[in-house]
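K.L.:
Sharing run_28.txt (compact mmCIF, C-alpha atoms and all ligand atoms) below.
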```
# COMPACT_ATOMS: atom_id res chain seq x y z
CA MET A 1378 -7.05 8.95 -9.80
CA LEU A 1379 -4.11 10.01 -7.61
CA GLU A 1380 -1.84 12.88 -8.43
CA VAL A 1381 1.08 13.92 -6.25
CA ARG A 1382 2.31 17.31 -7.39
CA ASN A 1383 5.75 18.70 -6.57
CA VAL A 1384 5.78 17.37 -3.02
CA SER A 1385 8.66 18.06 -0.67
CA THR A 1386 8.78 17.04 2.97
CA GLY A 1387 11.07 15.88 5.73
CA TYR A 1388 11.60 15.51 9.43
CA GLY A 1389 12.45 18.88 10.96
CA ALA A 1390 15.64 20.13 9.33
CA ILE A 1391 16.13 16.82 7.47
CA LYS A 1392 14.71 17.08 3.96
CA VAL A 1393 13.66 13.67 2.64
CA LEU A 1394 11.47 14.19 -0.45
CA HIS A 1395 12.41 16.74 -3.07
CA ASP A 1396 9.84 17.94 -5.60
CA VAL A 1397 8.23 14.51 -6.05
CA SER A 1398 5.49 14.22 -8.69
CA ILE A 1399 3.76 10.94 -9.52
CA HIS A 1400 0.36 9.84 -10.75
CA VAL A 1401 -1.67 6.66 -10.60
CA ASP A 1402 -4.56 6.04 -12.99
CA LYS A 1403 -7.70 4.13 -12.09
CA GLY A 1404 -7.19 0.36 -12.29
CA GLU A 1405 -3.40 0.55 -12.45
CA THR A 1406 -0.88 -1.18 -10.24
CA VAL A 1407 2.10 1.16 -9.87
CA VAL A 1408 5.31 0.54 -7.95
CA ILE A 1409 7.78 3.04 -6.60
CA LEU A 1410 11.12 1.28 -6.40
CA GLY A 1411 13.92 2.54 -4.24
CA PRO A 1412 16.73 1.42 -1.96
CA ASN A 1413 16.77 1.71 1.86
CA GLY A 1414 16.34 5.25 3.01
CA ALA A 1415 15.20 6.58 -0.39
CA GLY A 1416 12.05 8.03 1.17
CA LYS A 1417 9.52 5.37 0.13
CA SER A 1418 7.73 5.17 3.49
CA THR A 1419 7.88 8.93 3.80
CA LEU A 1420 6.09 9.25 0.47
CA ILE A 1421 3.36 6.77 1.45
CA ARG A 1422 2.94 8.52 4.81
CA THR A 1423 2.71 11.88 3.03
CA ILE A 1424 0.02 10.63 0.64
CA SER A 1425 -1.99 9.19 3.52
CA ARG A 1426 -1.67 12.53 5.33
CA LEU A 1427 0.34 11.16 8.24
CA MET A 1428 2.98 13.73 7.29
CA PRO A 1429 2.58 17.28 6.01
CA CYS A 1430 3.97 18.33 2.65
CA ASN A 1431 5.57 21.67 2.16
CA PRO A 1432 5.29 22.63 -0.57
CA GLY A 1433 3.16 20.30 -2.67
CA GLN A 1434 -0.36 19.23 -3.51
CA ILE A 1435 -2.11 15.86 -3.54
CA MET A 1436 -5.20 15.27 -5.66
CA PHE A 1437 -7.55 12.27 -5.50
CA ASN A 1438 -10.30 11.88 -8.11
CA GLY A 1439 -9.91 15.56 -8.96
CA LYS A 1440 -10.27 16.72 -5.34
CA ASP A 1441 -7.48 18.45 -3.43
CA ILE A 1442 -6.85 16.24 -0.40
CA THR A 1443 -3.74 18.02 0.84
CA GLY A 1444 -5.54 19.51 3.84
CA LEU A 1445 -7.55 16.44 4.84
CA SER A 1446 -7.01 14.12 7.79
CA THR A 1447 -6.10 10.45 7.40
CA GLU A 1448 -9.57 9.48 8.60
CA GLU A 1449 -11.19 11.65 5.92
CA LEU A 1450 -8.96 10.03 3.33
CA VAL A 1451 -10.06 6.56 4.35
CA GLN A 1452 -13.67 7.71 4.03
CA LEU A 1453 -12.89 9.01 0.52
CA GLY A 1454 -11.51 5.62 -0.52
CA ILE A 1455 -7.78 5.45 0.24
CA ALA A 1456 -6.52 2.75 2.60
CA GLN A 1457 -2.99 1.88 3.62
CA VAL A 1458 -1.24 -1.41 4.28
CA PRO A 1459 1.61 -0.11 6.46
CA GLU A 1460 5.23 -1.26 6.56
CA GLY A 1461 5.68 -3.95 9.20
CA ARG A 1462 1.91 -4.66 9.07
CA ARG A 1463 1.18 -2.78 12.34
CA LEU A 1464 -1.34 -5.32 13.58
CA PHE A 1465 -2.83 -5.49 17.06
CA ARG A 1466 -0.82 -8.53 18.05
CA THR A 1467 -2.86 -9.52 21.10
CA LEU A 1468 -6.19 -9.25 19.27
CA THR A 1469 -7.58 -12.01 17.07
CA VAL A 1470 -7.65 -12.05 13.29
CA TYR A 1471 -11.37 -11.29 13.37
CA GLU A 1472 -10.90 -8.38 15.79
CA ASN A 1473 -8.11 -6.91 13.65
CA LEU A 1474 -10.35 -7.06 10.59
CA PHE A 1475 -13.18 -5.50 12.54
CA LEU A 1476 -10.93 -2.57 13.50
CA GLY A 1477 -10.43 -1.89 9.80
CA LEU A 1478 -14.08 -0.78 9.76
CA TYR A 1479 -13.26 2.05 12.16
CA ALA A 1480 -13.31 5.09 9.82
CA ASN A 1481 -16.67 4.13 8.29
CA TYR A 1482 -18.09 2.40 11.36
CA ASP A 1483 -21.07 4.70 11.91
CA HIS A 1484 -22.09 4.70 8.23
CA THR A 1485 -21.86 0.92 7.75
CA THR A 1486 -24.78 -1.35 8.61
CA ALA A 1487 -24.20 -4.49 10.67
CA LYS A 1488 -25.11 -6.55 7.59
CA ARG A 1489 -22.54 -4.73 5.45
CA LYS A 1490 -19.86 -5.16 8.14
CA GLU A 1491 -20.45 -8.92 8.10
CA GLU A 1492 -20.40 -8.94 4.28
CA LEU A 1493 -17.06 -7.12 4.24
CA ILE A 1494 -15.50 -9.56 6.68
CA ASN A 1495 -16.80 -12.48 4.61
CA PHE A 1496 -15.42 -10.83 1.48
CA ALA A 1497 -11.97 -10.72 3.15
CA PHE A 1498 -12.33 -14.39 4.18
CA ASP A 1499 -13.19 -15.35 0.57
CA LEU A 1500 -10.19 -13.49 -0.82
CA LEU A 1501 -7.84 -14.59 1.97
CA PRO A 1502 -9.08 -18.02 3.12
CA ILE A 1503 -6.20 -18.48 5.57
CA LEU A 1504 -7.73 -15.66 7.64
CA LYS A 1505 -10.96 -17.62 7.95
CA GLU A 1506 -9.06 -20.66 9.20
CA ARG A 1507 -7.20 -18.48 11.71
CA ARG A 1508 -10.08 -16.18 12.63
CA ASN A 1509 -9.82 -16.77 16.39
CA GLN A 1510 -6.01 -16.85 16.52
CA MET A 1511 -4.06 -13.90 17.93
CA ALA A 1512 -2.50 -11.81 15.17
CA GLY A 1513 0.93 -11.90 16.86
CA THR A 1514 1.07 -15.68 16.47
CA LEU A 1515 0.55 -15.66 12.68
CA SER A 1516 3.40 -16.27 10.24
CA GLY A 1517 4.82 -13.27 8.34
CA GLY A 1518 2.84 -14.08 5.20
CA GLU A 1519 -0.37 -14.55 7.17
CA GLN A 1520 0.20 -11.24 8.94
CA GLN A 1521 0.68 -9.52 5.60
CA GLN A 1522 -2.59 -11.01 4.37
CA LEU A 1523 -4.31 -9.79 7.54
CA ALA A 1524 -2.92 -6.28 7.01
CA ILE A 1525 -4.32 -6.35 3.46
CA GLY A 1526 -7.66 -7.71 4.69
CA ARG A 1527 -7.87 -4.98 7.32
CA ALA A 1528 -7.28 -2.29 4.67
CA LEU A 1529 -10.04 -3.78 2.51
CA MET A 1530 -12.59 -3.32 5.31
CA ALA A 1531 -12.69 0.38 4.38
CA GLU A 1532 -13.80 -0.55 0.82
CA PRO A 1533 -10.95 1.48 -0.71
CA GLN A 1534 -10.67 2.44 -4.37
CA LEU A 1535 -6.93 2.98 -3.90
CA VAL A 1536 -4.76 0.71 -1.76
CA LEU A 1537 -1.35 2.03 -0.66
CA MET A 1538 1.13 -0.74 0.20
CA ASP A 1539 4.40 -0.07 2.02
CA GLU A 1540 6.93 -2.84 1.27
CA PRO A 1541 4.45 -5.74 1.27
CA PHE A 1542 7.20 -8.28 0.48
CA LEU A 1543 9.57 -7.24 3.27
CA GLY A 1544 10.97 -10.24 5.13
CA LEU A 1545 8.90 -12.82 3.23
CA ALA A 1546 10.18 -16.02 1.60
CA PRO A 1547 9.83 -16.36 -2.20
CA LEU A 1548 6.86 -18.75 -2.01
CA VAL A 1549 5.03 -16.45 0.38
CA ILE A 1550 5.80 -13.50 -1.91
CA ASN A 1551 4.03 -15.44 -4.68
CA THR A 1552 0.94 -15.74 -2.46
CA ILE A 1553 0.91 -11.99 -1.82
CA CYS A 1554 1.37 -11.36 -5.58
CA ASP A 1555 -1.70 -13.54 -6.27
CA VAL A 1556 -3.69 -11.51 -3.74
CA VAL A 1557 -2.62 -8.20 -5.33
CA ASN A 1558 -3.55 -9.53 -8.78
CA GLN A 1559 -6.98 -10.52 -7.49
CA LEU A 1560 -7.48 -7.05 -6.01
CA ARG A 1561 -6.63 -5.54 -9.36
CA ALA A 1562 -9.04 -7.91 -11.12
CA GLN A 1563 -11.72 -6.66 -8.72
CA GLY A 1564 -11.09 -3.10 -9.89
CA LYS A 1565 -8.86 -1.82 -7.09
CA THR A 1566 -6.06 0.60 -7.91
CA ILE A 1567 -2.76 -0.13 -6.18
CA LEU A 1568 0.26 1.97 -5.37
CA MET A 1569 3.11 0.12 -3.67
CA VAL A 1570 6.59 1.10 -2.61
CA GLU A 1571 9.16 -1.68 -2.68
CA GLN A 1572 12.81 -2.53 -2.92
CA ASN A 1573 12.07 -6.00 -4.31
CA ALA A 1574 12.22 -5.16 -8.01
CA ARG A 1575 11.88 -8.74 -9.19
CA ALA A 1576 8.46 -9.31 -7.65
CA SER A 1577 7.03 -5.82 -7.92
CA LEU A 1578 7.93 -5.28 -11.59
CA LYS A 1579 6.04 -8.49 -12.39
CA LEU A 1580 2.93 -7.11 -10.70
CA ALA A 1581 2.96 -3.47 -11.72
CA GLN A 1582 2.23 -2.02 -15.13
CA ARG A 1583 4.25 1.11 -14.44
CA ALA A 1584 7.12 2.00 -12.13
CA TYR A 1585 8.99 4.96 -10.75
CA LEU A 1586 12.52 4.95 -9.33
CA LEU A 1587 12.93 6.97 -6.14
CA GLU A 1588 16.50 7.65 -5.13
CA LEU A 1589 17.68 10.06 -2.41
CA GLY A 1590 14.17 11.48 -2.24
CA ARG A 1591 13.89 12.30 -5.94
CA ILE A 1592 12.03 10.57 -8.77
CA VAL A 1593 14.79 9.72 -11.23
CA ALA A 1594 12.84 7.59 -13.73
CA GLU A 1595 9.33 6.59 -14.75
CA LYS A 1596 8.71 3.77 -17.21
CA LYS A 1597 6.46 0.85 -18.04
CA SER A 1598 7.60 -2.12 -15.92
CA GLU A 1599 8.44 -4.11 -19.06
CA GLU A 1600 10.82 -1.37 -20.18
CA LEU A 1601 12.34 -0.92 -16.74
CA LYS A 1602 13.14 -4.64 -16.46
CA ASP A 1603 15.39 -4.28 -19.51
CA ASP A 1604 17.01 -1.05 -18.36
CA GLU A 1605 20.75 -1.60 -17.89
CA TYR A 1606 20.92 0.45 -14.67
CA VAL A 1607 17.90 -1.32 -13.15
CA ARG A 1608 19.26 -4.72 -14.12
CA ALA A 1609 22.60 -3.94 -12.46
CA VAL A 1610 21.37 -2.14 -9.33
CA TYR A 1611 17.93 -3.62 -8.59
CA LEU A 1612 17.93 -7.02 -10.30
CA GLY A 1613 21.57 -8.01 -9.69
CA LYS A 1614 22.16 -9.09 -13.29
P1 LIG B 1 13.32 1.61 4.08
O1 LIG B 1 13.26 0.79 2.84
O2 LIG B 1 14.56 1.39 4.89
O3 LIG B 1 12.04 1.59 4.89
P2 LIG B 1 12.50 4.14 2.90
O4 LIG B 1 12.84 4.34 1.47
O5 LIG B 1 11.10 3.76 3.24
O6 LIG B 1 13.52 3.14 3.56
P3 LIG B 1 12.10 6.31 4.75
O7 LIG B 1 11.72 5.41 5.87
O8 LIG B 1 11.06 7.12 4.09
O9 LIG B 1 12.89 5.49 3.62
O10 LIG B 1 13.27 7.26 5.28
C1 LIG B 1 13.87 8.25 4.43
C2 LIG B 1 14.88 9.05 5.25
O11 LIG B 1 14.20 9.74 6.29
C3 LIG B 1 15.94 8.20 5.92
O12 LIG B 1 17.17 8.87 5.82
C4 LIG B 1 15.49 8.13 7.37
O13 LIG B 1 16.57 8.02 8.23
C5 LIG B 1 14.77 9.44 7.55
N1 LIG B 1 13.69 9.33 8.54
C6 LIG B 1 12.65 8.46 8.50
N2 LIG B 1 11.83 8.61 9.55
C7 LIG B 1 12.37 9.62 10.30
C8 LIG B 1 12.00 10.27 11.51
N3 LIG B 1 10.89 9.92 12.18
N4 LIG B 1 12.80 11.25 11.98
C9 LIG B 1 13.93 11.61 11.29
N5 LIG B 1 14.33 11.05 10.14
C10 LIG B 1 13.57 10.07 9.64
```
Mind converting the file's structure to structure tokens?
P.N.:
Amino acid sequence: MLEVRNVSTGYGAIKVLHDVSIHVDKGETVVILGPNGAGKSTLIRTISRLMPCNPGQIMFNGKDITGLSTEELVQLGIAQVPEGRRLFRTLTVYENLFLGLYANYDHTTAKRKEELINFAFDLLPILKERRNQMAGTLSGGEQQQLAIGRALMAEPQLVLMDEPFLGLAPLVINTICDVVNQLRAQGKTILMVEQNARASLKLAQRAYLLELGRIVAEKKSEELKDDEYVRAVYLGK
């Protein structure tokens, strides 16, 4: 479904990603694991066309999307749950969800918009309870659920998640894992970047290691959990 081919990018003279190639198949949950500063957010931002790649090519469902805008990507079926959630803190839960309709707003009927919001409320019932509460007053876990709900408004085939577990307590991480599993059961494909190996290797079928901007390993999660280096560096065993 998604193919990132030999992508390099950076910020001005600072090179961050070096010849990165990854793929995600339809229906998979894939994690890219890496420490602070490895380039995880840069990779997600490059895939969602918030950053240029030079050189490199990004394919989605067989189509070259390298030259498209972020808005066009959302319309094609790729939505992002950004690092730090990036919610509109002084707007309500309902209003934040509604803004997730933005890219497809003109092509979506009022009935469909309501259906999509109700779909998010069914999947994430806490959002229904909090629908009139300002996003900035939600707990971290609730905010993460709202960020996921907002991404779902675009009816994505592929959901990109940038460190969804960041700053969350273990019990709240379990809630987010349940949500991701439900998304997968509903046929969504998920690519997440994370440093929390324990949680993300449980969720994902396949994983890449990104270190200093390079992919240094790709394995099934089950295999990676038993890898001596991963156990020592990422799992603290
Ligand atoms: P973290 O887990 O801390 O979010 P990350 O793996 O997501 O890290 P990135 O945020 O992609 O890493 O950053 C990769 C490198 O690029 C870092 O060295 C960072 O300092 C640098 N970098 C990130 N954003 C910018 C920017 N806007 N301008 C210059 N350098 C940047």
K.L.:
Could you give me the axis-aligned bounding box of ligand LIG 1 (chain B), with 5 Å of padding per side, as centre plus edge lengths in Å to one decimal, as AutoDock Vina command-line options?
P.N.:
```
--center_x 14.0 --center_y 6.2 --center_z 6.8 --size_x 16.3 --size_y 20.8 --size_z 20.7
```
K.L.:
Give me, as an MDAnalysis selection string, the set of residues whose atoms come within 8 Å of any atom of ligand LIG 1 (chain B), counting only C-alpha atoms and all ligand atoms.
P.N.:
chainID A and resid 1387:1389 1391:1393 1411:1420 1460 1539:1540 1570:1572 1590
K.L.:
So, counting all atoms listed in the file, which residue among A:Gly1433, A:Val1408, A:Glu1532, A:Glu1506 is closest to Tyr1479 in chain A?
P.N.:
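Among the listed residues, A:Glu1532 lies closest to Tyr1479 in chain A.
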K.L.:
One number please: CA of Leu1545 in chain A to CA of Arg1591 in chain A, in Å, one decimal.
P.N.:
27.2 Å
K.L.:
To one decimal place, how far is CA of Lys1488 in chain A from CA of Gly1526 in chain A in Å?
P.N.:
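Interatomic distance here is 17.7 Å.
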K.L.:
Please report the interatomic distance between CA of Gly1444 in chain A and CA of His1395 in chain A in Å with one decimal.
P.N.:
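About the pair CA of Gly1444 in chain A and CA of His1395 in chain A: they are 19.4 Å apart.
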K.L.:
Using all atoms listed in the file for the distances, tell me which of A:Met1538, A:Ala1574, A:Leu1379, A:Ile1592 is nearest to Ile1435 in chain A.
P.N.:
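Using all atoms listed in the file, Ile1435 in chain A sits closest to A:Leu1379.
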K.L.:
Which neighbours of Val1401 in chain A fall inside 9 Å, counting all atoms listed in the file, when residues of the same chain fewer than 4 positions from it are skipped, and could you give them as a PyMOL selection string?
P.N.:
chain A and resi 1378-1381+1405-1407+1566-1568+1583
K.L.:
Kindly indicate which residue among A:Val1470, A:Ala1584, A:Val1610, A:Val1384 lies nearest to Met1569 in chain A, using all atoms listed in the file for the distances.
P.N.:
A:Ala1584
